[in-house]
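Let me begin by presenting the structure, written as structure tokens, before commenting on it.
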Amino acid sequence: MVNEERLRHMIKLSQFDENEGKECKPMTQYARKDYVSLQALISFVTGTISYVLLFGLWALYSMEGLFEKINQMEIREAVMSLVLSYLVFMVIYLGATYIIFNVKYTDGRRKVKKYYASLKKVNQMYEREERLKTTNNTEWE
């Protein structure tokens, strides 16, 4: 006979494995600090690439103003404003990365704990069934 409650738990576990399990796997492999640091490192690289692309687009758009600054020898000011804008961009970008992945890690850990609690419940159901089977078998003998 099929235990319906156990079946429902197993279906939930299977759905979690297929859908959210892949996303939550890093939360079981890394500590919070390591996970957020890894994501921050990845975001640093992608943020730098994004900034370079955005600067390139801006430079193409305002080519005339850039040539005027170069002709007036305001290169130092241009480089300083470029560096300052990069630093501001990266602080905001990395700050957002820290907040987003900290929340994502917390949420993932909560989901994994619920998963393990359901897994433990299914295991207890199996153990209870095994005890009942052995008890019933010894009564007939």
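Lettering and numbering for the structure tokens are positional, with chains as A, B, ... in the shown order, residues counted from 1 in each chain, and ligands counted from 1 in the shown order.
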Using only C-alpha atoms, which protein or nucleic acid residues come within 9 Å of range 101-105 of chain A? Drop anything in the same chain fewer than 5 positions from it, and give the result as a PDB file with N, CA, C and O atoms, in the first residue's frame.
ATOM      1  N   CYS A  24      20.468  26.434  -5.333  1.00  0.00           N
ATOM      2  CA  CYS A  24      20.826  26.409  -3.906  1.00  0.00           C
ATOM      3  C   CYS A  24      22.070  25.577  -3.618  1.00  0.00           C
ATOM      4  O   CYS A  24      22.550  25.576  -2.484  1.00  0.00           O
ATOM      5  N   PRO A  26      25.277  25.979  -4.408  1.00  0.00           N
ATOM      6  CA  PRO A  26      26.435  26.707  -3.868  1.00  0.00           C
ATOM      7  C   PRO A  26      26.275  27.100  -2.398  1.00  0.00           C
ATOM      8  O   PRO A  26      27.254  27.246  -1.681  1.00  0.00           O
ATOM      9  N   MET A  27      25.036  27.238  -1.928  1.00  0.00           N
ATOM     10  CA  MET A  27      24.803  27.611  -0.542  1.00  0.00           C
ATOM     11  C   MET A  27      25.196  26.484   0.413  1.00  0.00           C
ATOM     12  O   MET A  27      25.454  26.728   1.582  1.00  0.00           O
ATOM     13  N   ARG A  32      28.967  31.688   3.940  1.00  0.00           N
ATOM     14  CA  ARG A  32      28.407  32.960   3.456  1.00  0.00           C
ATOM     15  C   ARG A  32      29.502  33.892   2.958  1.00  0.00           C
ATOM     16  O   ARG A  32      29.414  34.465   1.883  1.00  0.00           O
ATOM     17  N   LYS A  33      30.549  34.055   3.753  1.00  0.00           N
ATOM     18  CA  LYS A  33      31.623  34.988   3.398  1.00  0.00           C
ATOM     19  C   LYS A  33      32.291  34.576   2.084  1.00  0.00           C
ATOM     20  O   LYS A  33      32.564  35.417   1.227  1.00  0.00           O
ATOM     21  N   TYR A  35      31.003  32.673  -0.354  1.00  0.00           N
ATOM     22  CA  TYR A  35      30.063  32.793  -1.459  1.00  0.00           C
ATOM     23  C   TYR A  35      29.928  34.237  -1.918  1.00  0.00           C
ATOM     24  O   TYR A  35      30.012  34.534  -3.111  1.00  0.00           O
ATOM     25  N   VAL A  36      29.761  35.145  -0.957  1.00  0.00           N
ATOM     26  CA  VAL A  36      29.603  36.560  -1.300  1.00  0.00           C
ATOM     27  C   VAL A  36      30.906  37.107  -1.891  1.00  0.00           C
ATOM     28  O   VAL A  36      30.886  37.884  -2.844  1.00  0.00           O
ATOM     29  N   GLN A  39      31.222  35.964  -5.507  1.00  0.00           N
ATOM     30  CA  GLN A  39      30.320  36.736  -6.364  1.00  0.00           C
ATOM     31  C   GLN A  39      30.809  38.179  -6.534  1.00  0.00           C
ATOM     32  O   GLN A  39      30.648  38.768  -7.606  1.00  0.00           O
ATOM     33  N   ALA A  40      31.396  38.740  -5.479  1.00  0.00           N
ATOM     34  CA  ALA A  40      31.942  40.095  -5.576  1.00  0.00           C
ATOM     35  C   ALA A  40      33.119  40.133  -6.555  1.00  0.00           C
ATOM     36  O   ALA A  40      33.262  41.091  -7.320  1.00  0.00           O
ATOM     37  N   ALA A  96      25.745  46.839  -4.368  1.00  0.00           N
ATOM     38  CA  ALA A  96      24.528  46.144  -4.786  1.00  0.00           C
ATOM     39  C   ALA A  96      24.772  44.632  -4.854  1.00  0.00           C
ATOM     40  O   ALA A  96      23.915  43.838  -4.446  1.00  0.00           O
ATOM     41  N   ARG A 110      17.842  28.874   3.731  1.00  0.00           N
ATOM     42  CA  ARG A 110      16.537  28.578   4.325  1.00  0.00           C
ATOM     43  C   ARG A 110      15.839  27.477   3.530  1.00  0.00           C
ATOM     44  O   ARG A 110      15.278  26.540   4.097  1.00  0.00           O
TER      45      ARG A 110
END
Excluding Gly56 in chain A and residues on its chain fewer than 6 positions from it, collect all residues at most 12 Å away from it, counting only C-alpha atoms, and give them as a PDB file with N, CA, C and O atoms, in the first residue's frame.
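Written output follows (part34.pdb):
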ATOM      1  N   ILE A  49      34.355  45.432 -17.035  1.00  0.00           N
ATOM      2  CA  ILE A  49      34.066  45.285 -18.466  1.00  0.00           C
ATOM      3  C   ILE A  49      32.894  46.178 -18.860  1.00  0.00           C
ATOM      4  O   ILE A  49      32.934  46.862 -19.898  1.00  0.00           O
ATOM      5  N   SER A  50      31.861  46.199 -18.031  1.00  0.00           N
ATOM      6  CA  SER A  50      30.688  47.040 -18.312  1.00  0.00           C
ATOM      7  C   SER A  50      31.068  48.513 -18.352  1.00  0.00           C
ATOM      8  O   SER A  50      30.604  49.263 -19.215  1.00  0.00           O
ATOM      9  N   SER A  62      30.304  61.487 -27.499  1.00  0.00           N
ATOM     10  CA  SER A  62      30.784  62.857 -27.273  1.00  0.00           C
ATOM     11  C   SER A  62      32.241  62.998 -27.741  1.00  0.00           C
ATOM     12  O   SER A  62      33.086  63.538 -27.023  1.00  0.00           O
ATOM     13  N   MET A  63      32.503  62.559 -28.920  1.00  0.00           N
ATOM     14  CA  MET A  63      33.853  62.607 -29.491  1.00  0.00           C
ATOM     15  C   MET A  63      34.338  64.045 -29.648  1.00  0.00           C
ATOM     16  O   MET A  63      35.504  64.344 -29.383  1.00  0.00           O
ATOM     17  N   LEU A  66      35.563  65.463 -26.330  1.00  0.00           N
ATOM     18  CA  LEU A  66      36.826  64.837 -25.933  1.00  0.00           C
ATOM     19  C   LEU A  66      38.008  65.431 -26.700  1.00  0.00           C
ATOM     20  O   LEU A  66      39.072  65.683 -26.127  1.00  0.00           O
ATOM     21  N   LEU A  82      37.578  60.432 -15.069  1.00  0.00           N
ATOM     22  CA  LEU A  82      37.358  59.057 -15.496  1.00  0.00           C
ATOM     23  C   LEU A  82      37.596  58.080 -14.343  1.00  0.00           C
ATOM     24  O   LEU A  82      36.782  57.189 -14.094  1.00  0.00           O
TER      25      LEU A  82
END
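Of the listed residues (A:Thr28, A:His9, A:Thr135, A:Glu23), A:Thr28 comes nearest to Lys113 in chain A; the distances count only C-alpha atoms.
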Any idea what the distance is between CA of Gly47 in chain A and CA of Met90 in chain A?
-> 6.7 Å
Please indicate the distance in Å from CA of Glu4 in chain A to CA of Lys120 in chain A, rounded to one decimal place.
-> 16.5 Å
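Using only C-alpha atoms, the smallest distance between any of A:Ser37, A:Gln15, A:Ser43, A:Asn71 and Tyr93 in chain A comes from A:Ser43.
Nearest residue to Ile42 in chain A among A:Ser81, A:Ser14, A:Thr97, A:Gln72 is A:Thr97, counting only C-alpha atoms.
Relative to CA of Leu94 in chain A, CA of Leu41 in chain A is found at 9.0 Å.
Comparing the minimum interatomic distances between Leu119 in chain A and each of A:Val83, A:Ile100, A:Leu7, A:Val52, counting only C-alpha atoms, we find that A:Leu7 sits nearest.
With only C-alpha atoms as the basis for measurement, A:Tyr51 is the residue among A:Ile70, A:Tyr51, A:Lys111, A:Gly65 that approaches Ser85 in chain A most closely.
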